[in-house]
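Each remark here refers to the structure printed beneath this line.
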Amino acid sequence: MTPASFWDGVAEHYAKSKIRNPEQYHLSLERTRSYLRPEDRVVELGCGTGSTALLLAQNVALYTGTDVSAKMIEIANGRLAGETVQNLDFIVSDSDSDALGTSYDAVLALNLLHLVDDLPATLRRAHMITRDGGLFISKTPCLGPKRWVFAPLIRALKLFGKAPPIVRMLTPEVLEQAITDAGFEIIETGDYVSRYVVARKS
Ligand SMILES: C[S@@+](CC[C@H](N)C(=O)[O-])C[C@H]1O[C@@H](n2cnc3c(N)ncnc32)[C@H](O)[C@@H]1O
């Protein structure tokens with residue numbers, strides 16, 4: 001199973017699921033909003049069904065949501081059709097793709113980095129498409145500290161096709177080192193259920 005086929009298969013269910021911790025979600029959303037300016041061009045990697053994109057697009061000039069799953073993007077486009085927002089589009093794209101555009105003021109990866117095949121490559125690509133001085137903003141489940149629970153659980157779920165093909169057991173330290181190694185300087189971290197990291201391309 002590829003990541004695209006897994007996420008295509010769960011997209012309808014994902015679209016209907018509720019945010020697990022709305023308070024923490026909104027706190028991290030507000031932190032992200034505080035970094036965005038009305039003139040910014042933003043790309044979100046792994047945008048899923050576009051809910052966060054629809055909330056943040058109103059704060060910037062242009063916002064592109066991208067996802068490897070065509071089904072997720074179909075749902076996102078369906079949501080977009082019901083809105084008046086003009087500056088948002090959604091495209092099917094892997095986070096490593098060289099077709100993502102360049103010189104973004106901000107690149108967002110929310111609940112994505114633990115799922116990618118090659119984390120250093122994804123972060124290098126994110127660095128490449130961020131303008132000098134631009135921001136990389138991520139939120140990532142770090143299951144590493146509790147791998148003794150999560151690793152066997154995810155292995156079992158995978159046998160039934162109920163977990164994504166790749167789930168990394170990251171720790172905040174490993175994640176933040178990888179972000180730094182890609183050429184970013186970390187300027188804010190926080191814990192909003194998942195690890196929140198804001199980093200600047202220097
Ligand atoms: C856990 S969901 C998160 C969706 C959304 N960002 C959110 O926070 O609700 C992970 C998303 O990442 C997408 N994804 C997984 N691997 C990807 C990759 N290599 N490139 C782009 N998107 C990917 C999946 O299709 C899915 O929509």
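Every chain in the structure tokens takes a letter, A first, then B, and so on in the order presented; its residues are numbered from 1, and the ligands are numbered from 1 following the presented order.
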Quick one: which chain A residues come within 9 Å of ligand 1, and what is the nearest atom pair for each with the distance in Å to one decimal, counting only C-alpha atoms and all ligand atoms, rows ordered by chain and ascending number, as a Markdown table?
| residue | atom | partner | partner_atom_place_in_ligand_line | distance |
| --- | --- | --- | --- | --- |
| A:Pro3 | CA | ligand 1 | 16 (N) | 5.5 |
| A:Ala4 | CA | ligand 1 | 25 (O) | 5.9 |
| A:Ser5 | CA | ligand 1 | 25 (O) | 8.6 |
| A:Phe6 | CA | ligand 1 | 25 (O) | 7.8 |
| A:Trp7 | CA | ligand 1 | 25 (O) | 4.7 |
| A:Asp8 | CA | ligand 1 | 25 (O) | 7.0 |
| A:Ala11 | CA | ligand 1 | 27 (O) | 7.4 |
| A:Tyr14 | CA | ligand 1 | 2 (S) | 8.1 |
| A:Ala15 | CA | ligand 1 | 9 (O) | 8.8 |
| A:Ile19 | CA | ligand 1 | 9 (O) | 8.2 |
| A:Glu44 | CA | ligand 1 | 6 (N) | 7.9 |
| A:Leu45 | CA | ligand 1 | 21 (C) | 5.7 |
| A:Gly46 | CA | ligand 1 | 22 (N) | 3.6 |
| A:Cys47 | CA | ligand 1 | 6 (N) | 4.1 |
| A:Gly48 | CA | ligand 1 | 27 (O) | 3.3 |
| A:Thr49 | CA | ligand 1 | 27 (O) | 6.7 |
| A:Gly50 | CA | ligand 1 | 5 (C) | 7.1 |
| A:Ser51 | CA | ligand 1 | 9 (O) | 7.0 |
| A:Thr52 | CA | ligand 1 | 7 (C) | 7.0 |
| A:Ala53 | CA | ligand 1 | 6 (N) | 8.8 |
| A:Thr66 | CA | ligand 1 | 21 (C) | 6.6 |
| A:Asp67 | CA | ligand 1 | 22 (N) | 4.0 |
| A:Val68 | CA | ligand 1 | 21 (C) | 4.1 |
| A:Ser69 | CA | ligand 1 | 25 (O) | 4.5 |
| A:Ala70 | CA | ligand 1 | 25 (O) | 8.1 |
| A:Lys71 | CA | ligand 1 | 25 (O) | 8.3 |
| A:Met72 | CA | ligand 1 | 27 (O) | 5.9 |
| A:Ile73 | CA | ligand 1 | 27 (O) | 8.2 |
| A:Val92 | CA | ligand 1 | 21 (C) | 8.0 |
| A:Ser93 | CA | ligand 1 | 21 (C) | 6.0 |
| A:Asp94 | CA | ligand 1 | 20 (N) | 3.6 |
| A:Ser95 | CA | ligand 1 | 20 (N) | 3.8 |
| A:Asp96 | CA | ligand 1 | 20 (N) | 6.6 |
| A:Ser97 | CA | ligand 1 | 20 (N) | 8.1 |
| A:Leu108 | CA | ligand 1 | 6 (N) | 8.7 |
| A:Ala109 | CA | ligand 1 | 6 (N) | 6.6 |
| A:Leu110 | CA | ligand 1 | 6 (N) | 4.4 |
| A:Asn111 | CA | ligand 1 | 3 (C) | 4.7 |
| A:Leu112 | CA | ligand 1 | 12 (O) | 5.0 |
| A:Leu113 | CA | ligand 1 | 16 (N) | 8.1 |
| A:His114 | CA | ligand 1 | 16 (N) | 8.8 |
| A:Leu115 | CA | ligand 1 | 16 (N) | 5.4 |
| A:Val116 | CA | ligand 1 | 19 (N) | 4.8 |
| A:Asp117 | CA | ligand 1 | 19 (N) | 6.6 |
| A:Asp118 | CA | ligand 1 | 19 (N) | 8.5 |
| A:Thr122 | CA | ligand 1 | 19 (N) | 8.0 |
| A:Lys139 | CA | ligand 1 | 8 (O) | 8.0 |
| A:Pro164 | CA | ligand 1 | 15 (C) | 8.2 |
| A:Ile166 | CA | ligand 1 | 16 (N) | 8.3 |
Just to be explicit: take each residue in the selection above, keep N, CA and C atoms, and write the result as a short mmCIF file (atom, residue, chain, number, x, y, z; two decimals), in the first residue's frame.
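The resulting selection_19.cif:
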data_model
loop_
_atom_site.label_atom_id
_atom_site.label_comp_id
_atom_site.auth_asym_id
_atom_site.auth_seq_id
_atom_site.Cartn_x
_atom_site.Cartn_y
_atom_site.Cartn_z
N PRO A 3 1.39 5.50 0.51
CA PRO A 3 0.73 6.53 1.33
C PRO A 3 -0.50 7.11 0.63
N ALA A 4 -0.40 7.36 -0.68
CA ALA A 4 -1.54 7.95 -1.40
C ALA A 4 -2.75 7.03 -1.34
N SER A 5 -2.54 5.72 -1.55
CA SER A 5 -3.71 4.82 -1.55
C SER A 5 -4.27 4.68 -0.14
N PHE A 6 -3.40 4.64 0.86
CA PHE A 6 -3.92 4.57 2.24
C PHE A 6 -4.79 5.80 2.54
N TRP A 7 -4.25 6.99 2.25
CA TRP A 7 -4.97 8.22 2.62
C TRP A 7 -6.22 8.42 1.76
N ASP A 8 -6.16 7.97 0.50
CA ASP A 8 -7.39 7.98 -0.33
C ASP A 8 -8.48 7.16 0.36
N ALA A 11 -9.94 8.98 3.51
CA ALA A 11 -10.24 10.41 3.39
C ALA A 11 -11.67 10.77 3.83
N TYR A 14 -11.84 10.55 7.49
CA TYR A 14 -11.03 11.64 8.08
C TYR A 14 -11.80 12.96 8.02
N ALA A 15 -12.49 13.17 6.90
CA ALA A 15 -13.24 14.43 6.71
C ALA A 15 -14.35 14.57 7.76
N ILE A 19 -11.99 17.27 15.46
CA ILE A 19 -10.67 17.61 16.01
C ILE A 19 -10.63 17.06 17.43
N GLU A 44 0.89 24.83 2.09
CA GLU A 44 0.74 23.83 3.16
C GLU A 44 0.96 22.44 2.56
N LEU A 45 1.89 21.70 3.13
CA LEU A 45 2.17 20.33 2.67
C LEU A 45 1.30 19.36 3.47
N GLY A 46 0.71 18.38 2.80
CA GLY A 46 -0.13 17.41 3.51
C GLY A 46 -1.33 18.07 4.14
N CYS A 47 -2.06 18.85 3.36
CA CYS A 47 -3.16 19.68 3.91
C CYS A 47 -4.42 18.87 4.21
N GLY A 48 -4.45 17.59 3.82
CA GLY A 48 -5.64 16.78 4.09
C GLY A 48 -6.87 17.37 3.41
N THR A 49 -7.97 17.45 4.16
CA THR A 49 -9.23 17.91 3.57
C THR A 49 -9.38 19.43 3.61
N GLY A 50 -8.31 20.12 3.95
CA GLY A 50 -8.27 21.58 3.76
C GLY A 50 -8.88 22.41 4.87
N SER A 51 -9.21 21.81 6.01
CA SER A 51 -9.90 22.61 7.05
C SER A 51 -9.01 23.74 7.58
N THR A 52 -7.74 23.44 7.84
CA THR A 52 -6.86 24.50 8.36
C THR A 52 -6.58 25.53 7.28
N ALA A 53 -6.42 25.06 6.05
CA ALA A 53 -6.18 25.99 4.93
C ALA A 53 -7.33 26.99 4.82
N THR A 66 -1.54 21.44 -0.46
CA THR A 66 -1.09 20.31 -1.28
C THR A 66 -1.19 19.02 -0.48
N ASP A 67 -1.46 17.95 -1.18
CA ASP A 67 -1.55 16.65 -0.49
C ASP A 67 -1.31 15.55 -1.51
N VAL A 68 -0.69 14.45 -1.04
CA VAL A 68 -0.41 13.33 -1.93
C VAL A 68 -1.68 12.56 -2.30
N SER A 69 -2.74 12.73 -1.50
CA SER A 69 -3.97 11.98 -1.72
C SER A 69 -4.96 12.77 -2.58
N ALA A 70 -5.28 12.22 -3.76
CA ALA A 70 -6.23 12.88 -4.66
C ALA A 70 -7.60 12.98 -4.01
N LYS A 71 -7.95 12.00 -3.19
CA LYS A 71 -9.27 12.00 -2.53
C LYS A 71 -9.36 13.13 -1.49
N MET A 72 -8.27 13.31 -0.74
CA MET A 72 -8.24 14.41 0.24
C MET A 72 -8.43 15.75 -0.50
N ILE A 73 -7.74 15.89 -1.63
CA ILE A 73 -7.82 17.15 -2.38
C ILE A 73 -9.21 17.32 -3.00
N VAL A 92 -2.83 18.23 -5.92
CA VAL A 92 -2.30 16.93 -5.52
C VAL A 92 -0.80 16.96 -5.73
N SER A 93 -0.05 16.74 -4.66
CA SER A 93 1.41 16.75 -4.78
C SER A 93 2.04 16.08 -3.57
N ASP A 94 3.08 15.32 -3.83
CA ASP A 94 3.89 14.77 -2.75
C ASP A 94 4.69 15.92 -2.12
N SER A 95 4.95 15.81 -0.84
CA SER A 95 5.70 16.88 -0.16
C SER A 95 7.15 16.97 -0.66
N ASP A 96 7.63 15.93 -1.34
CA ASP A 96 9.00 15.96 -1.89
C ASP A 96 9.03 16.46 -3.33
N SER A 97 7.87 16.76 -3.89
CA SER A 97 7.81 17.05 -5.32
C SER A 97 8.59 18.31 -5.69
N LEU A 108 3.99 25.29 5.52
CA LEU A 108 3.38 24.64 6.69
C LEU A 108 3.33 23.13 6.49
N ALA A 109 3.60 22.39 7.54
CA ALA A 109 3.48 20.93 7.50
C ALA A 109 2.83 20.51 8.81
N LEU A 110 1.53 20.25 8.77
CA LEU A 110 0.77 20.00 10.00
C LEU A 110 0.36 18.53 10.06
N ASN A 111 0.89 17.83 11.03
CA ASN A 111 0.62 16.39 11.18
C ASN A 111 1.06 15.60 9.95
N LEU A 112 2.23 15.93 9.46
CA LEU A 112 2.76 15.30 8.24
C LEU A 112 4.14 14.65 8.44
N LEU A 113 5.03 15.31 9.18
CA LEU A 113 6.45 14.90 9.12
C LEU A 113 6.70 13.50 9.67
N HIS A 114 5.81 12.99 10.52
CA HIS A 114 5.99 11.62 11.04
C HIS A 114 5.56 10.58 10.01
N LEU A 115 4.98 11.05 8.88
CA LEU A 115 4.41 10.13 7.89
C LEU A 115 5.23 10.02 6.61
N VAL A 116 6.25 10.88 6.47
CA VAL A 116 6.94 10.92 5.18
C VAL A 116 8.03 9.84 5.11
N ASP A 117 8.30 9.45 3.87
CA ASP A 117 9.23 8.37 3.60
C ASP A 117 10.67 8.76 3.96
N ASP A 118 11.03 9.99 3.60
CA ASP A 118 12.42 10.44 3.77
C ASP A 118 12.37 11.83 4.41
N THR A 122 12.31 15.62 2.70
CA THR A 122 11.13 16.50 2.79
C THR A 122 11.53 17.85 3.37
N LYS A 139 3.69 20.98 12.87
CA LYS A 139 3.12 20.37 14.07
C LYS A 139 3.20 18.87 13.82
N PRO A 164 -1.21 4.12 8.51
CA PRO A 164 -0.46 4.50 7.30
C PRO A 164 0.78 3.63 7.14
N ILE A 166 3.79 4.39 6.57
CA ILE A 166 4.97 4.92 7.28
C ILE A 166 4.49 5.74 8.47
#
Got a sec: who's within 12 Å of A:Phe150, counting only C-alpha atoms, leaving out chain neighbours fewer than 5 positions off, as a list in words?
Pro141, Cys142, Leu143, Gly144, Pro145, Arg155, Ala156, Leu157, Lys158, Ala163, Val167, Arg168, Met169 and Leu170 of chain A
Output file for the residues above (C-alpha atoms, as an mmCIF file, in the first residue's frame):
data_model
loop_
_atom_site.group_PDB
_atom_site.id
_atom_site.type_symbol
_atom_site.label_atom_id
_atom_site.label_comp_id
_atom_site.auth_asym_id
_atom_site.auth_seq_id
_atom_site.Cartn_x
_atom_site.Cartn_y
_atom_site.Cartn_z
ATOM 1 C CA PRO A 141 3.068 13.863 16.673
ATOM 2 C CA CYS A 142 6.207 12.650 18.474
ATOM 3 C CA LEU A 143 5.450 9.063 19.415
ATOM 4 C CA GLY A 144 9.096 8.143 20.162
ATOM 5 C CA PRO A 145 8.977 8.667 23.941
ATOM 6 C CA ARG A 155 2.390 -2.662 13.606
ATOM 7 C CA ALA A 156 -0.831 -4.476 14.495
ATOM 8 C CA LEU A 157 -3.044 -1.838 12.848
ATOM 9 C CA LYS A 158 -0.913 -2.000 9.699
ATOM 10 C CA ALA A 163 -2.457 2.548 9.891
ATOM 11 C CA VAL A 167 4.683 6.186 10.856
ATOM 12 C CA ARG A 168 7.940 7.455 12.349
ATOM 13 C CA MET A 169 8.574 7.170 16.082
ATOM 14 C CA LEU A 170 10.027 10.680 16.352
#
I want to know what sits within 6 Å of A:Thr130, based on only C-alpha atoms, with residues of the same chain fewer than 2 positions away left out; could you give that as number ranges by chain?
A: 103-104, 127-128, 134
Mind writing the picked residues with N, CA and C atoms as an mmCIF file, in the first residue's frame?
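Resulting contents of result23.cif:
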data_model
loop_
_atom_site.group_PDB
_atom_site.id
_atom_site.type_symbol
_atom_site.label_atom_id
_atom_site.label_comp_id
_atom_site.auth_asym_id
_atom_site.auth_seq_id
_atom_site.Cartn_x
_atom_site.Cartn_y
_atom_site.Cartn_z
ATOM 1 N N SER A 103 10.003 30.195 -3.287
ATOM 2 C CA SER A 103 10.012 31.511 -2.627
ATOM 3 C C SER A 103 8.766 31.785 -1.786
ATOM 4 N N TYR A 104 8.263 30.766 -1.116
ATOM 5 C CA TYR A 104 7.109 30.988 -0.232
ATOM 6 C C TYR A 104 7.549 31.744 1.024
ATOM 7 N N HIS A 127 12.907 23.570 2.751
ATOM 8 C CA HIS A 127 13.897 24.656 2.835
ATOM 9 C C HIS A 127 14.086 25.308 1.469
ATOM 10 N N MET A 128 14.140 24.460 0.441
ATOM 11 C CA MET A 128 14.368 24.940 -0.933
ATOM 12 C C MET A 128 13.236 25.870 -1.398
ATOM 13 N N GLY A 134 12.132 33.359 5.246
ATOM 14 C CA GLY A 134 10.765 32.832 5.370
ATOM 15 C C GLY A 134 10.673 31.771 6.465
#
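For stretch 46-99 of chain A, a DSSP pass over the backbone yields strand (DSSP E) at Leu62, Tyr63, Thr64, Gly65, Thr66, Asp67, Leu88, Asp89, Phe90, Ile91 and Val92 of chain A.
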Need the shell around A:Asn21: protein/DNA/RNA residues with any atom at most 12 Å away, counting only C-alpha atoms. Skip same-chain ones fewer than 6 positions apart. Format as a list in words?
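Neighbouring residues, sequence-local ones excluded: Leu27, Ser28, Tyr192, Val193 and Ser194 of chain A.
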Write out the residues from the selection above, keeping C-alpha atoms, as a PDB file, in the first residue's frame.
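Written output follows (part_9.pdb):
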ATOM      1  CA  LEU A  27      -3.980  27.626  20.421  1.00  0.00           C
ATOM      2  CA  SER A  28      -1.535  26.352  17.782  1.00  0.00           C
ATOM      3  CA  TYR A 192      -0.174  21.396  21.580  1.00  0.00           C
ATOM      4  CA  VAL A 193      -0.745  17.630  21.830  1.00  0.00           C
ATOM      5  CA  SER A 194       1.763  17.431  18.937  1.00  0.00           C
TER       6      SER A 194
END
Kindly indicate which residue among A:Glu173, A:Asp89, A:Asp40, A:Asp98 lies nearest to A:Arg124, using only C-alpha atoms for the distances.
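Of the candidates, the smallest distance to A:Arg124 is held by A:Asp98.
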In chain A, what's alpha helix (DSSP H) per DSSP? Answer as a PyMOL selection string?
chain A and resi 3-16+22-35+51-56+70-81+119-129+147-159+172-181
Pick from A:Val149, A:Ala178, A:Leu119, A:Ala126 nearest to A:Lys201, counting only C-alpha atoms:
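Using only C-alpha atoms, A:Lys201 sits closest to A:Ala126.
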Determine the nearest neighbour of A:Pro120 from the options A:Leu54, A:Thr2, A:Glu30, A:Thr180, counting only C-alpha atoms.
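Closest residue, counting only C-alpha atoms: A:Thr180.
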Show me, as a PyMOL selection string, the residues that have an atom within 12 Å of A:Glu176 when counting only C-alpha atoms, minus same-chain residues fewer than 2 positions from it.
chain A and resi 113+119-120+123+136-140+142+170-174+178-190+195-199
Those residues you just picked out, can you put them in a file as a PDB file, in the first residue's frame with C-alpha atoms?
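Saved as part.pdb:
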ATOM      1  CA  LEU A 113       6.446  14.904   9.116  1.00  0.00           C
ATOM      2  CA  LEU A 119      12.276  13.128   6.466  1.00  0.00           C
ATOM      3  CA  PRO A 120      15.609  14.825   5.575  1.00  0.00           C
ATOM      4  CA  LEU A 123      12.791  19.085   5.020  1.00  0.00           C
ATOM      5  CA  PHE A 136       8.699  26.703   8.170  1.00  0.00           C
ATOM      6  CA  ILE A 137       5.859  25.947  10.600  1.00  0.00           C
ATOM      7  CA  SER A 138       5.168  22.369  11.625  1.00  0.00           C
ATOM      8  CA  LYS A 139       3.119  20.370  14.073  1.00  0.00           C
ATOM      9  CA  THR A 140       4.154  16.743  14.460  1.00  0.00           C
ATOM     10  CA  CYS A 142       6.207  12.650  18.474  1.00  0.00           C
ATOM     11  CA  LEU A 170      10.027  10.680  16.352  1.00  0.00           C
ATOM     12  CA  THR A 171      11.150  12.469  19.491  1.00  0.00           C
ATOM     13  CA  PRO A 172      11.081  16.284  19.735  1.00  0.00           C
ATOM     14  CA  GLU A 173      14.919  16.246  19.835  1.00  0.00           C
ATOM     15  CA  VAL A 174      15.277  14.142  16.656  1.00  0.00           C
ATOM     16  CA  ALA A 178      16.359  17.294  11.466  1.00  0.00           C
ATOM     17  CA  ILE A 179      14.743  20.720  10.966  1.00  0.00           C
ATOM     18  CA  THR A 180      17.994  22.432  11.977  1.00  0.00           C
ATOM     19  CA  ASP A 181      20.061  20.114   9.745  1.00  0.00           C
ATOM     20  CA  ALA A 182      17.900  21.149   6.772  1.00  0.00           C
ATOM     21  CA  GLY A 183      19.107  24.735   7.252  1.00  0.00           C
ATOM     22  CA  PHE A 184      16.403  26.294   9.426  1.00  0.00           C
ATOM     23  CA  GLU A 185      16.854  28.150  12.697  1.00  0.00           C
ATOM     24  CA  ILE A 186      14.218  27.214  15.265  1.00  0.00           C
ATOM     25  CA  ILE A 187      12.523  30.282  16.756  1.00  0.00           C
ATOM     26  CA  GLU A 188       9.606  28.770  18.680  1.00  0.00           C
ATOM     27  CA  THR A 189       8.603  25.371  19.992  1.00  0.00           C
ATOM     28  CA  GLY A 190       5.545  24.293  21.927  1.00  0.00           C
ATOM     29  CA  ARG A 195       5.162  19.152  18.845  1.00  0.00           C
ATOM     30  CA  TYR A 196       4.863  22.625  17.362  1.00  0.00           C
ATOM     31  CA  VAL A 197       7.977  24.088  15.741  1.00  0.00           C
ATOM     32  CA  VAL A 198       8.446  27.410  13.975  1.00  0.00           C
ATOM     33  CA  ALA A 199      11.753  27.794  12.149  1.00  0.00           C
TER      34      ALA A 199
END
